[in-house]
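Below: one structure, written as structure tokens.
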Amino acid sequence: MNLTITELYEKMHQNMGNSGWWSAESKAEIIVGAIMIQNTNWRNADKAVAGFRKQTNFDPNKIRQLTTEELQALVRPAGFYKNKSRAVAAIFTWLLQYDNDYQQVCQVLSPKLRQELLKLHGIGDETADVLLTYIFEQPTFISDKYARVLFTQLGVPNLTNYQSLAKQVKLPADFTSTAAQDFHGLIDEFGKIYFHPLTKFQESFLAGDQLIL
DNA sequence: GGCCAGGACACCA
DNA sequence: TGGTGTCATGGC
């Protein structure tokens, strides 16, 4: 069966319900989590997130006051602690220019918010899109590994890296940021269930479907 | 003990 | 612009 992006999302939602991502008490917690989760698993990332919670309660001012050594110690369980600690410092320092006001960031920088995020050390394509979707409420398709594997299974060729898919997918205009968040969550939940091993995809409710971009 | 998990970056051609 | 090596940790 041929599916549009909207139809794919609706089918996944019908079969899987709400993804429940990203449960967090504050946007600052999501920012920290988005950096900690880079190329690791949630078990490791969450140890670092828990450390930030305990030491700063995700208060941006307290995070900014951490020394480099303190920051690296908090990040360490998530791996790549030098790069990730730089990223945390970079983005919270950057936010200070906008008085920690996410709406002000959008008003001042939109529509070049994404390219400004990419200038921050440690913020690449995927994390920038995660932040756009979950922090700045600008619905964006996140072409992460699971999305590329899924879309490959759905017939989209040559998905070798992030941009190879990202440049092909534009979410429909009526996609809310809540839907974009849920879509991303569902894609990754789907991947965890059906891509280990990949052959299980043939047992899934999307087997035989083809995506029309 | 190797492999993997929701990447990013420097360096190179 | 696109490909490759490197960065770190912890669980299985």
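Residue numbering restarts at 1 in every chain; chains get A, B, ... in the order shown in the structure tokens, and ligands count up from 1 in that same order.
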- Message: Based on the backbone DSSP call, show me all residues of range 81-187 of chain A assigned helix (DSSP H, G or I), as a ChimeraX atom specification.
- Response: /A:81-96,102-109,113-118,125-134,145-153,162-166,177-187
- Message: For the structure I just gave you, how does DSSP split chain A - specifically, which residues are strand (DSSP E or B)? Reply as a list in words.
- Response: Asn2, Leu3, Gln210 and Leu211 of chain A
Write out, as a PDB file, in the first residue's frame, the residues just selected, with C-alpha atoms.
ATOM      1  CA  ASN A   2       1.251   3.472  -0.879  1.00  0.00           C
ATOM      2  CA  LEU A   3       1.480   5.915   2.004  1.00  0.00           C
ATOM      3  CA  GLN A 210       5.707   1.967   0.272  1.00  0.00           C
ATOM      4  CA  LEU A 211       6.300   5.592   1.115  1.00  0.00           C
TER       5      LEU A 211
END
Identify all chain B residues at most 6 Å from chain A by counting only C-alpha atoms (C1' of nucleotides); ligands do not count. Present them as a PDB file with N, CA and C atoms (P, O5', C5', C4', C3', O3' and C1' of nucleotides), in the first residue's frame.
ATOM      1  P    DA B   5      22.883  -0.146  17.319  1.00  0.00           P
ATOM      2  O5'  DA B   5      22.466   0.751  18.571  1.00  0.00           O
ATOM      3  C5'  DA B   5      21.926   0.121  19.719  1.00  0.00           C
ATOM      4  C4'  DA B   5      21.802   1.142  20.815  1.00  0.00           C
ATOM      5  C3'  DA B   5      21.339   2.515  20.324  1.00  0.00           C
ATOM      6  O3'  DA B   5      20.357   3.049  21.191  1.00  0.00           O
ATOM      7  C1'  DA B   5      23.461   2.692  21.385  1.00  0.00           C
ATOM      8  P    DG B   7      22.478   8.264  17.221  1.00  0.00           P
ATOM      9  O5'  DG B   7      23.247   9.646  17.443  1.00  0.00           O
ATOM     10  C5'  DG B   7      23.051  10.683  16.524  1.00  0.00           C
ATOM     11  C4'  DG B   7      23.804  11.887  17.013  1.00  0.00           C
ATOM     12  C3'  DG B   7      23.991  12.943  15.945  1.00  0.00           C
ATOM     13  O3'  DG B   7      24.000  14.198  16.589  1.00  0.00           O
ATOM     14  C1'  DG B   7      26.082  12.004  16.527  1.00  0.00           C
ATOM     15  P    DA B   8      24.199  15.501  15.692  1.00  0.00           P
ATOM     16  O5'  DA B   8      25.758  15.813  15.866  1.00  0.00           O
ATOM     17  C5'  DA B   8      26.252  16.100  17.165  1.00  0.00           C
ATOM     18  C4'  DA B   8      27.709  16.499  17.099  1.00  0.00           C
ATOM     19  C3'  DA B   8      28.027  17.513  15.995  1.00  0.00           C
ATOM     20  O3'  DA B   8      28.814  18.548  16.554  1.00  0.00           O
ATOM     21  C1'  DA B   8      29.403  15.590  15.795  1.00  0.00           C
TER      22       DA B   8
END
- Message: Show me, as a list in words, every residue of chain C with an atom at most 8 Å from chain A, counting only C-alpha atoms (C1' of nucleotides).
- Response: DC7, DA8, DT9 and DG10 of chain C
Write out as a short mmCIF file (atom, residue, chain, number, x, y, z; two decimals) with C-alpha atoms (C1' of nucleotides), in the first residue's frame the residues lying within 12 Å of Thr160 in chain A, counting only C-alpha atoms (C1' of nucleotides) and excluding same-chain residues fewer than 2 positions away.
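So part-v6.cif came out as:
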data_model
loop_
_atom_site.label_atom_id
_atom_site.label_comp_id
_atom_site.auth_asym_id
_atom_site.auth_seq_id
_atom_site.Cartn_x
_atom_site.Cartn_y
_atom_site.Cartn_z
CA SER A 143 15.98 11.92 9.84
CA ASP A 144 17.87 9.90 12.42
CA LYS A 145 19.19 6.38 11.95
CA ALA A 147 14.07 6.98 10.30
CA ARG A 148 16.56 6.15 7.56
CA VAL A 149 16.26 2.41 8.18
CA PHE A 151 12.24 4.76 5.09
CA THR A 152 14.66 2.43 3.33
CA VAL A 156 13.20 5.21 -0.39
CA PRO A 157 16.61 4.58 -2.01
CA ASN A 158 20.13 5.72 -1.12
CA TYR A 162 21.30 12.45 7.63
CA GLN A 163 20.90 14.97 4.83
CA SER A 164 20.14 12.32 2.21
CA LEU A 165 16.76 11.84 3.86
CA ALA A 166 16.25 15.23 5.50
"C1'" DG C 2 30.97 13.79 0.55
"C1'" DG C 3 33.72 10.00 2.82
#
- Message: Quick one: residues within 12 Å of Asn100 in chain A, only C-alpha atoms (C1' of nucleotides), excluding same-chain residues fewer than 6 positions away - as an MDAnalysis selection string?
- Response: chainID A and resid 27:28 59:61 64 91:94 106 135
Could you save the residues just selected, with C-alpha atoms, as a short mmCIF file (atom, residue, chain, number, x, y, z; two decimals), in the first residue's frame?
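The result, stored in part04.cif:
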data_model
loop_
_atom_site.label_atom_id
_atom_site.label_comp_id
_atom_site.auth_asym_id
_atom_site.auth_seq_id
_atom_site.Cartn_x
_atom_site.Cartn_y
_atom_site.Cartn_z
CA LYS A 27 12.90 22.39 28.33
CA ALA A 28 16.34 22.68 29.84
CA ASP A 59 18.42 25.54 36.31
CA PRO A 60 20.18 27.20 33.36
CA ASN A 61 22.05 29.57 35.66
CA ARG A 64 26.30 27.88 33.41
CA ILE A 91 23.96 26.26 24.15
CA PHE A 92 23.22 27.53 27.64
CA THR A 93 25.67 30.39 27.17
CA TRP A 94 24.02 31.14 23.84
CA CYS A 106 12.27 32.22 17.83
CA ILE A 135 12.22 23.09 22.34
#
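Using only C-alpha atoms (C1' of nucleotides), the residues found no farther than 12 Å from Asn15 in chain A, other than those of its own chain fewer than 4 positions away, are Leu8, Tyr9, Glu10, Lys11, Ser19, Leu186, Ile187, Glu189, Phe190, Ser204, Phe205 and Leu206 of chain A.
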Deliver the residues from the most recent selection as a file, using N, CA and C atoms, as an mmCIF file, in the first residue's frame.
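Result file result35.cif:
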data_model
loop_
_atom_site.group_PDB
_atom_site.id
_atom_site.type_symbol
_atom_site.label_atom_id
_atom_site.label_comp_id
_atom_site.auth_asym_id
_atom_site.auth_seq_id
_atom_site.Cartn_x
_atom_site.Cartn_y
_atom_site.Cartn_z
ATOM 1 N N LEU A 8 1.451 7.658 6.815
ATOM 2 C CA LEU A 8 2.385 6.831 7.587
ATOM 3 C C LEU A 8 2.290 7.157 9.069
ATOM 4 N N TYR A 9 2.301 8.463 9.375
ATOM 5 C CA TYR A 9 2.199 8.877 10.780
ATOM 6 C C TYR A 9 0.899 8.375 11.400
ATOM 7 N N GLU A 10 -0.191 8.545 10.671
ATOM 8 C CA GLU A 10 -1.486 8.132 11.228
ATOM 9 C C GLU A 10 -1.538 6.624 11.444
ATOM 10 N N LYS A 11 -0.959 5.878 10.515
ATOM 11 C CA LYS A 11 -0.959 4.424 10.656
ATOM 12 C C LYS A 11 -0.124 3.989 11.858
ATOM 13 N N SER A 19 3.601 8.102 21.472
ATOM 14 C CA SER A 19 4.960 7.655 21.784
ATOM 15 C C SER A 19 5.354 8.032 23.207
ATOM 16 N N LEU A 186 7.568 7.743 17.648
ATOM 17 C CA LEU A 186 7.022 6.492 17.121
ATOM 18 C C LEU A 186 8.017 5.794 16.208
ATOM 19 N N ILE A 187 8.712 6.565 15.380
ATOM 20 C CA ILE A 187 9.700 5.975 14.465
ATOM 21 C C ILE A 187 10.793 5.267 15.259
ATOM 22 N N GLU A 189 10.601 4.197 18.428
ATOM 23 C CA GLU A 189 10.015 3.050 19.140
ATOM 24 C C GLU A 189 9.814 1.881 18.177
ATOM 25 N N PHE A 190 9.356 2.203 16.999
ATOM 26 C CA PHE A 190 9.168 1.167 15.976
ATOM 27 C C PHE A 190 10.500 0.474 15.680
ATOM 28 N N SER A 204 5.899 -6.730 10.826
ATOM 29 C CA SER A 204 5.289 -5.514 11.365
ATOM 30 C C SER A 204 4.080 -5.083 10.542
ATOM 31 N N PHE A 205 3.340 -4.150 11.101
ATOM 32 C CA PHE A 205 2.143 -3.637 10.415
ATOM 33 C C PHE A 205 2.486 -2.757 9.227
ATOM 34 N N LEU A 206 3.790 -2.477 9.019
ATOM 35 C CA LEU A 206 4.191 -1.672 7.866
ATOM 36 C C LEU A 206 4.782 -2.521 6.748
#
- Message: One number please: CA of Gln104 in chain A to CA of Lys119 in chain A, in Å, one decimal.
- Response: 18.4 Å
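Put simply, CA of Pro111 in chain A is 15.3 Å away from CA of Ala173 in chain A.
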